[in-house]
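Listing of entry_35.cif, mmCIF, C-alpha atoms
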```cif
data_coords
#
loop_
_atom_site.group_PDB
_atom_site.id
_atom_site.type_symbol
_atom_site.label_atom_id
_atom_site.label_comp_id
_atom_site.auth_asym_id
_atom_site.auth_seq_id
_atom_site.Cartn_x
_atom_site.Cartn_y
_atom_site.Cartn_z
ATOM 1 C CA MET A 1 10.153 -64.884 -29.959
ATOM 2 C CA ASN A 2 10.617 -61.313 -30.974
ATOM 3 C CA THR A 3 10.107 -61.096 -34.729
ATOM 4 C CA VAL A 4 11.255 -57.883 -36.354
ATOM 5 C CA THR A 5 9.284 -56.998 -39.468
ATOM 6 C CA GLU A 6 10.200 -53.384 -40.076
ATOM 7 C CA VAL A 7 13.363 -51.443 -40.774
ATOM 8 C CA ILE A 8 12.165 -48.488 -38.674
ATOM 9 C CA SER A 9 9.172 -48.111 -36.404
ATOM 10 C CA GLN A 10 6.670 -45.265 -36.462
ATOM 11 C CA GLU A 11 7.949 -44.141 -33.070
ATOM 12 C CA GLN A 12 11.601 -44.197 -34.193
ATOM 13 C CA LEU A 13 10.780 -42.127 -37.267
ATOM 14 C CA LEU A 14 9.126 -39.415 -35.149
ATOM 15 C CA LYS A 15 12.129 -39.352 -32.819
ATOM 16 C CA HIS A 16 14.393 -39.072 -35.863
ATOM 17 C CA TRP A 17 12.442 -36.131 -37.279
ATOM 18 C CA GLN A 18 12.130 -34.322 -33.951
ATOM 19 C CA GLY A 19 15.875 -34.830 -33.435
ATOM 20 C CA HIS A 20 16.450 -32.997 -36.706
ATOM 21 C CA ARG A 21 13.953 -30.310 -35.745
ATOM 22 C CA ASN A 22 15.789 -29.817 -32.477
ATOM 23 C CA LEU A 23 19.037 -29.289 -34.379
ATOM 24 C CA THR A 24 17.379 -26.826 -36.772
ATOM 25 C CA ARG A 25 16.101 -24.926 -33.734
ATOM 26 C CA ARG A 26 19.680 -24.573 -32.506
ATOM 27 C CA VAL A 27 20.780 -23.356 -35.946
ATOM 28 C CA ILE A 28 18.084 -20.640 -35.788
ATOM 29 C CA GLU A 29 19.371 -19.726 -32.320
ATOM 30 C CA ALA A 30 22.947 -19.506 -33.605
ATOM 31 C CA PHE A 31 22.135 -16.693 -36.067
ATOM 32 C CA PRO A 32 22.598 -13.099 -34.952
ATOM 33 C CA GLU A 33 19.141 -11.440 -34.945
ATOM 34 C CA LYS A 34 19.888 -9.159 -37.902
ATOM 35 C CA ASP A 35 21.567 -11.811 -40.037
ATOM 36 C CA PHE A 36 18.704 -14.261 -39.510
ATOM 37 C CA PHE A 37 16.493 -11.837 -41.452
ATOM 38 C CA GLU A 38 19.006 -10.269 -43.831
ATOM 39 C CA PHE A 39 22.028 -12.451 -44.612
ATOM 40 C CA SER A 40 22.147 -14.602 -47.705
ATOM 41 C CA ILE A 41 24.576 -15.883 -50.345
ATOM 42 C CA GLY A 42 24.212 -16.069 -54.119
ATOM 43 C CA GLY A 43 20.705 -14.616 -54.207
ATOM 44 C CA MET A 44 19.305 -17.413 -52.032
ATOM 45 C CA ARG A 45 16.670 -16.894 -49.363
ATOM 46 C CA THR A 46 17.571 -15.707 -45.866
ATOM 47 C CA PHE A 47 17.515 -18.318 -43.107
ATOM 48 C CA SER A 48 14.339 -16.753 -41.699
ATOM 49 C CA ALA A 49 12.653 -17.311 -45.080
ATOM 50 C CA LEU A 50 13.855 -20.917 -45.095
ATOM 51 C CA ALA A 51 12.595 -21.369 -41.511
ATOM 52 C CA ALA A 52 9.231 -19.912 -42.592
ATOM 53 C CA GLU A 53 9.073 -22.606 -45.282
ATOM 54 C CA LEU A 54 9.846 -25.333 -42.744
ATOM 55 C CA LEU A 55 7.123 -24.003 -40.438
ATOM 56 C CA ALA A 56 4.657 -23.993 -43.356
ATOM 57 C CA ILE A 57 5.443 -27.634 -44.123
ATOM 58 C CA GLY A 58 5.867 -29.542 -40.841
ATOM 59 C CA ALA A 59 2.769 -29.114 -38.674
ATOM 60 C CA PRO A 60 0.423 -28.007 -41.512
ATOM 61 C CA GLY A 61 1.568 -30.982 -43.603
ATOM 62 C CA MET A 62 0.896 -33.395 -40.748
ATOM 63 C CA LYS A 63 -2.492 -31.791 -40.115
ATOM 64 C CA GLY A 64 -3.424 -32.322 -43.754
ATOM 65 C CA ILE A 65 -2.285 -35.939 -43.699
ATOM 66 C CA VAL A 66 -4.126 -36.803 -40.479
ATOM 67 C CA ASN A 67 -7.353 -35.061 -41.455
ATOM 68 C CA ARG A 68 -7.085 -36.052 -45.145
ATOM 69 C CA GLU A 69 -7.640 -32.381 -45.774
ATOM 70 C CA VAL A 70 -6.094 -31.018 -48.968
ATOM 71 C CA LYS A 71 -5.167 -27.367 -48.448
ATOM 72 C CA PRO A 72 -2.746 -25.322 -50.547
ATOM 73 C CA TYR A 73 0.744 -24.609 -49.230
ATOM 74 C CA GLN A 74 0.777 -21.288 -47.438
ATOM 75 C CA GLU A 75 3.433 -19.483 -45.440
ATOM 76 C CA ASN A 76 2.155 -17.458 -42.507
ATOM 77 C CA ALA A 77 5.320 -15.864 -41.256
ATOM 78 C CA ASP A 78 4.640 -12.216 -42.110
ATOM 79 C CA ASP A 79 3.797 -11.543 -38.483
ATOM 80 C CA LEU A 80 7.032 -13.115 -37.233
ATOM 81 C CA ILE A 81 9.552 -10.303 -36.966
ATOM 82 C CA THR A 82 11.926 -11.566 -34.267
ATOM 83 C CA LYS A 83 13.955 -14.737 -33.885
ATOM 84 C CA ALA A 84 12.219 -15.331 -30.554
ATOM 85 C CA GLN A 85 8.868 -15.413 -32.355
ATOM 86 C CA TYR A 86 10.212 -18.001 -34.798
ATOM 87 C CA LEU A 87 11.468 -20.133 -31.930
ATOM 88 C CA GLU A 88 8.130 -19.866 -30.157
ATOM 89 C CA LYS A 89 6.269 -20.948 -33.287
ATOM 90 C CA TRP A 90 8.831 -23.728 -33.743
ATOM 91 C CA ASP A 91 8.031 -25.099 -30.282
ATOM 92 C CA VAL A 92 4.295 -24.945 -30.912
ATOM 93 C CA ALA A 93 4.846 -26.890 -34.138
ATOM 94 C CA THR A 94 6.865 -29.508 -32.215
ATOM 95 C CA GLU A 95 3.845 -30.260 -30.033
ATOM 96 C CA GLU A 96 1.450 -30.181 -32.979
ATOM 97 C CA ILE A 97 3.600 -32.670 -34.906
ATOM 98 C CA ASN A 98 3.728 -35.011 -31.891
ATOM 99 C CA ASN A 99 -0.020 -34.739 -31.543
ATOM 100 C CA TYR A 100 -0.825 -35.416 -35.208
ATOM 101 C CA TRP A 101 1.747 -38.216 -35.315
ATOM 102 C CA SER A 102 -0.017 -40.062 -32.503
ATOM 103 C CA GLN A 103 -3.166 -40.072 -34.645
ATOM 104 C CA LEU A 104 -1.481 -41.923 -37.517
ATOM 105 C CA THR A 105 -1.656 -45.691 -37.832
ATOM 106 C CA VAL A 106 1.114 -47.707 -39.462
ATOM 107 C CA GLU A 107 -1.256 -48.407 -42.370
ATOM 108 C CA ASP A 108 -1.563 -44.668 -43.079
ATOM 109 C CA PHE A 109 2.092 -44.444 -44.145
ATOM 110 C CA SER A 110 1.525 -46.428 -47.327
ATOM 111 C CA GLU A 111 -1.649 -44.591 -48.307
ATOM 112 C CA THR A 112 -1.499 -41.932 -50.978
ATOM 113 C CA PHE A 113 -2.205 -38.333 -50.028
ATOM 114 C CA ASN A 114 -2.218 -35.218 -52.192
ATOM 115 C CA LEU A 115 -0.087 -32.981 -49.985
ATOM 116 C CA PHE A 116 -0.900 -29.292 -50.407
ATOM 117 C CA GLY A 117 -2.917 -30.325 -53.446
ATOM 118 C CA GLU A 118 0.386 -30.689 -55.305
ATOM 119 C CA TYR A 119 2.277 -33.785 -54.186
ATOM 120 C CA GLU A 120 0.320 -36.989 -54.696
ATOM 121 C CA PHE A 121 2.527 -39.570 -52.987
ATOM 122 C CA PRO A 122 2.421 -42.216 -50.263
ATOM 123 C CA VAL A 123 2.404 -40.560 -46.840
ATOM 124 C CA ILE A 124 5.817 -42.040 -45.992
ATOM 125 C CA GLU A 125 7.321 -40.255 -48.995
ATOM 126 C CA ASN A 126 5.726 -36.976 -47.984
ATOM 127 C CA ILE A 127 7.138 -37.334 -44.473
ATOM 128 C CA PHE A 128 10.605 -38.214 -45.761
ATOM 129 C CA TYR A 129 10.356 -35.095 -47.879
ATOM 130 C CA PHE A 130 9.613 -32.990 -44.774
ATOM 131 C CA VAL A 131 12.751 -34.298 -43.072
ATOM 132 C CA ASP A 132 15.021 -34.224 -46.125
ATOM 133 C CA ASN A 133 13.947 -30.735 -47.130
ATOM 134 C CA GLU A 134 14.728 -29.528 -43.617
ATOM 135 C CA ILE A 135 18.212 -31.111 -43.652
ATOM 136 C CA HIS A 136 18.817 -29.600 -47.096
ATOM 137 C CA HIS A 137 17.910 -26.041 -46.090
ATOM 138 C CA ARG A 138 19.651 -26.337 -42.742
ATOM 139 C CA GLY A 139 22.816 -27.368 -44.618
ATOM 140 C CA GLN A 140 22.523 -24.029 -46.404
ATOM 141 C CA GLY A 141 22.186 -22.348 -43.015
ATOM 142 C CA TYR A 142 25.473 -23.946 -41.956
ATOM 143 C CA VAL A 143 27.237 -22.195 -44.845
ATOM 144 C CA TYR A 144 25.623 -18.875 -43.922
ATOM 145 C CA LEU A 145 26.831 -19.280 -40.328
ATOM 146 C CA ARG A 146 30.359 -20.220 -41.424
ATOM 147 C CA ALA A 147 30.430 -17.270 -43.831
ATOM 148 C CA LEU A 148 29.457 -15.087 -40.851
ATOM 149 C CA GLY A 149 32.345 -16.534 -38.834
ATOM 150 C CA ILE A 150 30.021 -18.476 -36.528
ATOM 151 C CA VAL A 151 30.634 -22.138 -35.611
ATOM 152 C CA PRO A 152 27.357 -24.053 -36.207
ATOM 153 C CA PRO A 153 26.087 -26.755 -33.817
ATOM 154 C CA ASN A 154 27.471 -30.239 -34.459
ATOM 155 C CA PHE A 155 25.458 -31.994 -37.161
ATOM 156 C CA TRP A 156 25.352 -35.257 -35.244
ATOM 157 C CA GLU A 157 23.917 -33.791 -32.003
ATOM 158 C CA ARG A 158 20.135 -33.966 -32.034
ATOM 159 C CA MET B 1 -5.783 -59.501 -46.719
ATOM 160 C CA ASN B 2 -2.813 -57.242 -47.134
ATOM 161 C CA THR B 3 -1.624 -56.239 -43.673
ATOM 162 C CA VAL B 4 0.841 -53.382 -43.560
ATOM 163 C CA THR B 5 3.217 -53.614 -40.629
ATOM 164 C CA GLU B 6 5.960 -51.182 -41.530
ATOM 165 C CA VAL B 7 6.218 -47.470 -42.268
ATOM 166 C CA ILE B 8 8.855 -48.057 -44.968
ATOM 167 C CA SER B 9 10.131 -51.255 -46.533
ATOM 168 C CA GLN B 10 13.774 -52.226 -46.946
ATOM 169 C CA GLU B 11 13.387 -51.895 -50.713
ATOM 170 C CA GLN B 12 11.814 -48.424 -50.449
ATOM 171 C CA LEU B 13 14.618 -47.222 -48.195
ATOM 172 C CA LEU B 14 17.274 -48.292 -50.723
ATOM 173 C CA LYS B 15 15.366 -46.546 -53.516
ATOM 174 C CA HIS B 16 15.154 -43.441 -51.329
ATOM 175 C CA TRP B 17 18.898 -43.420 -50.658
ATOM 176 C CA GLN B 18 19.875 -44.137 -54.248
ATOM 177 C CA GLY B 19 17.520 -41.345 -55.357
ATOM 178 C CA HIS B 20 19.487 -38.985 -53.137
ATOM 179 C CA ARG B 21 22.777 -40.369 -54.426
ATOM 180 C CA ASN B 22 21.608 -39.760 -57.963
ATOM 181 C CA LEU B 23 20.886 -36.130 -57.111
ATOM 182 C CA THR B 24 24.285 -35.722 -55.446
ATOM 183 C CA ARG B 25 25.870 -37.114 -58.610
ATOM 184 C CA ARG B 26 24.174 -34.368 -60.615
ATOM 185 C CA VAL B 27 25.402 -31.748 -58.140
ATOM 186 C CA ILE B 28 28.980 -33.016 -58.670
ATOM 187 C CA GLU B 29 28.394 -32.788 -62.423
ATOM 188 C CA ALA B 30 27.111 -29.210 -62.093
ATOM 189 C CA PHE B 31 30.421 -27.930 -60.668
ATOM 190 C CA PRO B 32 33.013 -26.497 -63.043
ATOM 191 C CA GLU B 33 36.093 -28.751 -62.901
ATOM 192 C CA LYS B 34 38.296 -26.194 -61.172
ATOM 193 C CA ASP B 35 35.673 -25.065 -58.640
ATOM 194 C CA PHE B 36 34.895 -28.650 -57.656
ATOM 195 C CA PHE B 37 38.429 -28.877 -56.273
ATOM 196 C CA GLU B 38 39.041 -25.293 -55.189
ATOM 197 C CA PHE B 39 35.893 -23.326 -54.358
ATOM 198 C CA SER B 40 34.665 -22.985 -50.806
ATOM 199 C CA ILE B 41 32.966 -20.504 -48.459
ATOM 200 C CA GLY B 42 33.790 -19.567 -44.874
ATOM 201 C CA GLY B 43 36.746 -21.933 -44.564
ATOM 202 C CA MET B 44 34.599 -25.005 -45.257
ATOM 203 C CA ARG B 45 35.749 -27.951 -47.314
ATOM 204 C CA THR B 46 35.568 -27.951 -51.100
ATOM 205 C CA PHE B 47 32.794 -30.003 -52.701
ATOM 206 C CA SER B 48 35.368 -32.561 -53.861
ATOM 207 C CA ALA B 49 36.422 -33.023 -50.220
ATOM 208 C CA LEU B 50 32.789 -33.435 -49.190
ATOM 209 C CA ALA B 51 32.252 -35.939 -52.019
ATOM 210 C CA ALA B 52 35.340 -37.837 -50.829
ATOM 211 C CA GLU B 53 33.718 -38.094 -47.403
ATOM 212 C CA LEU B 54 30.482 -39.404 -48.917
ATOM 213 C CA LEU B 55 32.443 -42.000 -50.897
ATOM 214 C CA ALA B 56 34.273 -43.060 -47.730
ATOM 215 C CA ILE B 57 30.968 -43.573 -45.907
ATOM 216 C CA GLY B 58 28.434 -45.126 -48.307
ATOM 217 C CA ALA B 59 29.841 -48.326 -49.780
ATOM 218 C CA PRO B 60 32.528 -48.889 -47.077
ATOM 219 C CA GLY B 61 29.898 -48.370 -44.367
ATOM 220 C CA MET B 62 27.564 -50.905 -45.988
ATOM 221 C CA LYS B 63 30.440 -53.349 -46.393
ATOM 222 C CA GLY B 64 31.223 -53.075 -42.691
ATOM 223 C CA ILE B 65 27.589 -53.566 -41.708
ATOM 224 C CA VAL B 66 27.052 -56.591 -43.951
ATOM 225 C CA ASN B 67 30.318 -58.298 -42.985
ATOM 226 C CA ARG B 68 30.136 -57.176 -39.355
ATOM 227 C CA GLU B 69 33.662 -55.961 -39.943
ATOM 228 C CA VAL B 70 34.741 -52.987 -37.845
ATOM 229 C CA LYS B 71 37.261 -50.925 -39.808
ATOM 230 C CA PRO B 72 38.260 -47.329 -39.127
ATOM 231 C CA TYR B 73 36.892 -44.537 -41.314
ATOM 232 C CA GLN B 74 39.311 -43.829 -44.126
ATOM 233 C CA GLU B 75 39.139 -41.560 -47.146
ATOM 234 C CA ASN B 76 40.846 -42.872 -50.262
ATOM 235 C CA ALA B 77 40.393 -40.009 -52.664
ATOM 236 C CA ASP B 78 43.988 -38.838 -53.026
ATOM 237 C CA ASP B 79 44.202 -40.565 -56.384
ATOM 238 C CA LEU B 80 41.033 -38.884 -57.646
ATOM 239 C CA ILE B 81 42.129 -35.732 -59.444
ATOM 240 C CA THR B 82 39.326 -35.166 -61.945
ATOM 241 C CA LYS B 83 35.576 -34.843 -61.621
ATOM 242 C CA ALA B 84 35.212 -37.724 -64.070
ATOM 243 C CA GLN B 85 37.140 -39.959 -61.673
ATOM 244 C CA TYR B 86 34.827 -38.988 -58.815
ATOM 245 C CA LEU B 87 31.785 -39.778 -60.955
ATOM 246 C CA GLU B 88 33.258 -43.133 -61.944
ATOM 247 C CA LYS B 89 33.914 -44.037 -58.323
ATOM 248 C CA TRP B 90 30.412 -42.801 -57.471
ATOM 249 C CA ASP B 91 28.898 -45.245 -59.965
ATOM 250 C CA VAL B 92 30.988 -48.141 -58.658
ATOM 251 C CA ALA B 93 29.751 -47.297 -55.145
ATOM 252 C CA THR B 94 26.140 -47.308 -56.417
ATOM 253 C CA GLU B 95 26.505 -50.926 -57.477
ATOM 254 C CA GLU B 96 28.363 -51.884 -54.312
ATOM 255 C CA ILE B 97 25.624 -50.376 -52.138
ATOM 256 C CA ASN B 98 22.930 -52.260 -54.084
ATOM 257 C CA ASN B 99 24.904 -55.444 -53.700
ATOM 258 C CA TYR B 100 25.501 -55.102 -49.949
ATOM 259 C CA TRP B 101 21.907 -53.999 -49.413
ATOM 260 C CA SER B 102 20.605 -57.223 -50.944
ATOM 261 C CA GLN B 103 22.586 -59.145 -48.316
ATOM 262 C CA LEU B 104 20.800 -57.436 -45.409
ATOM 263 C CA THR B 105 17.752 -58.963 -43.758
ATOM 264 C CA VAL B 106 15.054 -56.843 -42.162
ATOM 265 C CA GLU B 107 16.232 -58.100 -38.759
ATOM 266 C CA ASP B 108 19.690 -56.635 -39.362
ATOM 267 C CA PHE B 109 18.348 -53.075 -39.246
ATOM 268 C CA SER B 110 17.613 -53.231 -35.532
ATOM 269 C CA GLU B 111 20.929 -54.832 -34.609
ATOM 270 C CA THR B 112 23.676 -52.718 -33.151
ATOM 271 C CA PHE B 113 26.874 -52.211 -35.126
ATOM 272 C CA ASN B 114 29.968 -50.221 -34.245
ATOM 273 C CA LEU B 115 30.361 -48.295 -37.500
ATOM 274 C CA PHE B 116 33.984 -47.379 -38.250
ATOM 275 C CA GLY B 117 34.727 -48.419 -34.673
ATOM 276 C CA GLU B 118 33.219 -45.122 -33.552
ATOM 277 C CA TYR B 119 29.436 -45.137 -33.886
ATOM 278 C CA GLU B 120 27.787 -47.886 -31.884
ATOM 279 C CA PHE B 121 24.157 -47.650 -32.997
ATOM 280 C CA PRO B 122 21.384 -49.751 -34.514
ATOM 281 C CA VAL B 123 22.057 -50.323 -38.229
ATOM 282 C CA ILE B 124 18.966 -48.313 -39.198
ATOM 283 C CA GLU B 125 20.395 -45.274 -37.414
ATOM 284 C CA ASN B 126 23.735 -45.683 -39.154
ATOM 285 C CA ILE B 127 21.993 -45.856 -42.532
ATOM 286 C CA PHE B 128 19.841 -42.818 -41.784
ATOM 287 C CA TYR B 129 23.063 -41.050 -40.904
ATOM 288 C CA PHE B 130 24.543 -41.941 -44.305
ATOM 289 C CA VAL B 131 21.548 -40.399 -46.074
ATOM 290 C CA ASP B 132 21.149 -37.368 -43.817
ATOM 291 C CA ASN B 133 24.850 -36.537 -43.895
ATOM 292 C CA GLU B 134 24.750 -36.637 -47.692
ATOM 293 C CA ILE B 135 21.713 -34.301 -47.850
ATOM 294 C CA HIS B 136 23.440 -31.976 -45.375
ATOM 295 C CA HIS B 137 26.676 -31.690 -47.337
ATOM 296 C CA ARG B 138 24.865 -31.504 -50.669
ATOM 297 C CA GLY B 139 22.856 -28.577 -49.280
ATOM 298 C CA GLN B 140 26.229 -26.871 -48.756
ATOM 299 C CA GLY B 141 27.087 -27.673 -52.364
ATOM 300 C CA TYR B 142 23.909 -25.901 -53.462
ATOM 301 C CA VAL B 143 25.153 -22.702 -51.823
ATOM 302 C CA TYR B 144 28.555 -23.063 -53.487
ATOM 303 C CA LEU B 145 26.854 -23.459 -56.880
ATOM 304 C CA ARG B 146 24.575 -20.440 -56.309
ATOM 305 C CA ALA B 147 27.555 -18.377 -55.177
ATOM 306 C CA LEU B 148 29.251 -19.388 -58.446
ATOM 307 C CA GLY B 149 26.192 -18.214 -60.397
ATOM 308 C CA ILE B 150 25.174 -21.777 -61.300
ATOM 309 C CA VAL B 151 21.589 -23.022 -60.982
ATOM 310 C CA PRO B 152 21.667 -26.354 -59.073
ATOM 311 C CA PRO B 153 19.502 -29.348 -60.020
ATOM 312 C CA ASN B 154 16.001 -29.336 -58.512
ATOM 313 C CA PHE B 155 16.063 -30.793 -55.013
ATOM 314 C CA TRP B 156 12.935 -32.848 -55.583
ATOM 315 C CA GLU B 157 14.187 -34.611 -58.733
ATOM 316 C CA ARG B 158 15.895 -37.891 -57.858
#
```

Structure translated into structure tokens:
Amino acid sequence: MNTVTEVISQEQLLKHWQGHRNLTRRVIEAFPEKDFFEFSIGGMRTFSALAAELLAIGAPGMKGIVNREVKPYQENADDLITKAQYLEKWDVATEEINNYWSQLTVEDFSETFNLFGEYEFPVIENIFYFVDNEIHHRGQGYVYLRALGIVPPNFWER
Amino acid sequence: MNTVTEVISQEQLLKHWQGHRNLTRRVIEAFPEKDFFEFSIGGMRTFSALAAELLAIGAPGMKGIVNREVKPYQENADDLITKAQYLEKWDVATEEINNYWSQLTVEDFSETFNLFGEYEFPVIENIFYFVDNEIHHRGQGYVYLRALGIVPPNFWER
């Protein structure tokens, strides 16, 4: 008998997140080089600044969770000055996230961790925040692309 | 011994979704009446049109899943002509979602359902889509608000 006891498995959740990360990668790709670094609406951050935030959260957040190492949030994107460099760092982060994920046990998800020394929540909530925050900022990127006359990738293709 | 066998419980996932729905409600509230129905950027839909989509997905989607009833996607917002009416329908949907959710078993989440006769996926994937699609469109609403000179609610407050 195959008894199901969970609404989503650890493996499914990683696939879900990486699917979103793959879509965000294609949104970065869709921006013209100049607009990626310069275009914004209503005083908001550029999409490169939003991507820098996502890079500062994903792999570093997972590293902190796996190693139970509380380090402050820090963006390290000053040296990234081309879209290609962002995409390269994105791909490195993809592998790092997969690697850290494989070191988590299912029990870890319900343990509390003080992410970046600021967010003391169960690990599952921190990880949901990573994904949700990415969807949120990427949704902003969709408006930037539309305002630039560019058709964004389909939201449902991961 | 308390053995953890899931990364997120059914109850936690509902709380997570309703937290997002509560934030979306406050984004609707933040729009000036006229702009809710008229403002948009780059040829995208107005926030009222996006809210109509969210209303057509959440409670009707859950109803379909719980009753295993395949009905086509249909928006019924033509009769909603004020923000107050949207908020009222939003609150009715909140209760409906809670009610349908309580009728789901943990086994249901891994079963396949043909949502709206179009999306044949495991129930958990359909539900993640409900949440993610809402975050995505709400992120667009944040840009609309900023472009209107309005400070949106904090993303992390649910």

Proximity of chain A to chain B: per-residue shortest pair, 7 Å limit, all atoms listed in the file, as CSV:
```
residue,atom,partner,partner_atom,distance
A:Val4,CA,B:Glu107,CA,5.5
A:Thr5,CA,B:Val106,CA,6.4
A:Glu6,CA,B:Glu6,CA,5.0
A:Val7,CA,B:Phe109,CA,5.5
A:Ile8,CA,B:Ile124,CA,6.8
A:Ser9,CA,B:Val7,CA,6.6
A:Gln10,CA,B:Val7,CA,6.2
A:Ile41,CA,B:Ala147,CA,6.2
A:Gly42,CA,B:Ala147,CA,4.2
A:Val106,CA,B:Val7,CA,5.8
A:Glu107,CA,B:Val4,CA,5.5
A:Phe109,CA,B:Val7,CA,5.5
A:Ser110,CA,B:Val7,CA,7.0
A:Ile124,CA,B:Val7,CA,6.6
A:Asp132,CA,B:Ile135,CA,6.9
A:Ile135,CA,B:His136,CA,5.6
A:His136,CA,B:Gly139,CA,4.7
A:His137,CA,B:Gly139,CA,6.4
A:Gly139,CA,B:His136,CA,4.7
A:Gln140,CA,B:Gln140,CA,5.2
A:Val143,CA,B:Gln140,CA,6.2
A:Arg146,CA,B:Gly42,CA,4.9
A:Ala147,CA,B:Gly42,CA,4.2
A:Gly149,CA,B:Gly42,CA,6.9
```

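Going from atom CA of Lys34 of chain B to atom CA of Ser48 of chain B covers 10.1 Å.
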
Pick the closest to Lys63 of chain A from A:Ile127, A:Thr24, A:Phe113, A:Ile97: which is it, counting only C-alpha atoms?
A:Ile97

Using the chain letters and numbers from the file, which residues does the PyMOL selection byres ((chain A and resi 78-81) around 12) grab, as a PDB file with C-alpha atoms, keeping the file's coordinate frame?
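Listing of selection-v3.pdb after writing:
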```pdb
ATOM      1  CA  GLU A  33      19.141 -11.440 -34.945  1.00  0.00           C
ATOM      2  CA  LYS A  34      19.888  -9.159 -37.902  1.00  0.00           C
ATOM      3  CA  PHE A  36      18.704 -14.261 -39.510  1.00  0.00           C
ATOM      4  CA  PHE A  37      16.493 -11.837 -41.452  1.00  0.00           C
ATOM      5  CA  GLU A  38      19.006 -10.269 -43.831  1.00  0.00           C
ATOM      6  CA  SER A  48      14.339 -16.753 -41.699  1.00  0.00           C
ATOM      7  CA  ALA A  49      12.653 -17.311 -45.080  1.00  0.00           C
ATOM      8  CA  ALA A  51      12.595 -21.369 -41.511  1.00  0.00           C
ATOM      9  CA  ALA A  52       9.231 -19.912 -42.592  1.00  0.00           C
ATOM     10  CA  GLU A  53       9.073 -22.606 -45.282  1.00  0.00           C
ATOM     11  CA  LEU A  55       7.123 -24.003 -40.438  1.00  0.00           C
ATOM     12  CA  ALA A  56       4.657 -23.993 -43.356  1.00  0.00           C
ATOM     13  CA  GLN A  74       0.777 -21.288 -47.438  1.00  0.00           C
ATOM     14  CA  GLU A  75       3.433 -19.483 -45.440  1.00  0.00           C
ATOM     15  CA  ASN A  76       2.155 -17.458 -42.507  1.00  0.00           C
ATOM     16  CA  ALA A  77       5.320 -15.864 -41.256  1.00  0.00           C
ATOM     17  CA  THR A  82      11.926 -11.566 -34.267  1.00  0.00           C
ATOM     18  CA  LYS A  83      13.955 -14.737 -33.885  1.00  0.00           C
ATOM     19  CA  ALA A  84      12.219 -15.331 -30.554  1.00  0.00           C
ATOM     20  CA  GLN A  85       8.868 -15.413 -32.355  1.00  0.00           C
ATOM     21  CA  TYR A  86      10.212 -18.001 -34.798  1.00  0.00           C
ATOM     22  CA  LEU A  87      11.468 -20.133 -31.930  1.00  0.00           C
ATOM     23  CA  GLU A  88       8.130 -19.866 -30.157  1.00  0.00           C
ATOM     24  CA  LYS A  89       6.269 -20.948 -33.287  1.00  0.00           C
ATOM     25  CA  TRP A  90       8.831 -23.728 -33.743  1.00  0.00           C
TER      26      TRP A  90
END
```

Nearby residues (all atoms listed in the file) at most 8 Å from Thr94 of chain B, same-chain spacing under 5 positions excluded, as a PyMOL selection string
chain B and resi 18+21+59

For the structure shown, which residues end up in the PyMOL selection byres ((chain A and resi 62) around 10)? Put them as a ChimeraX atom specification, please?
/A:57-61,63-69,96-101,103-104,115,123,126-127,130
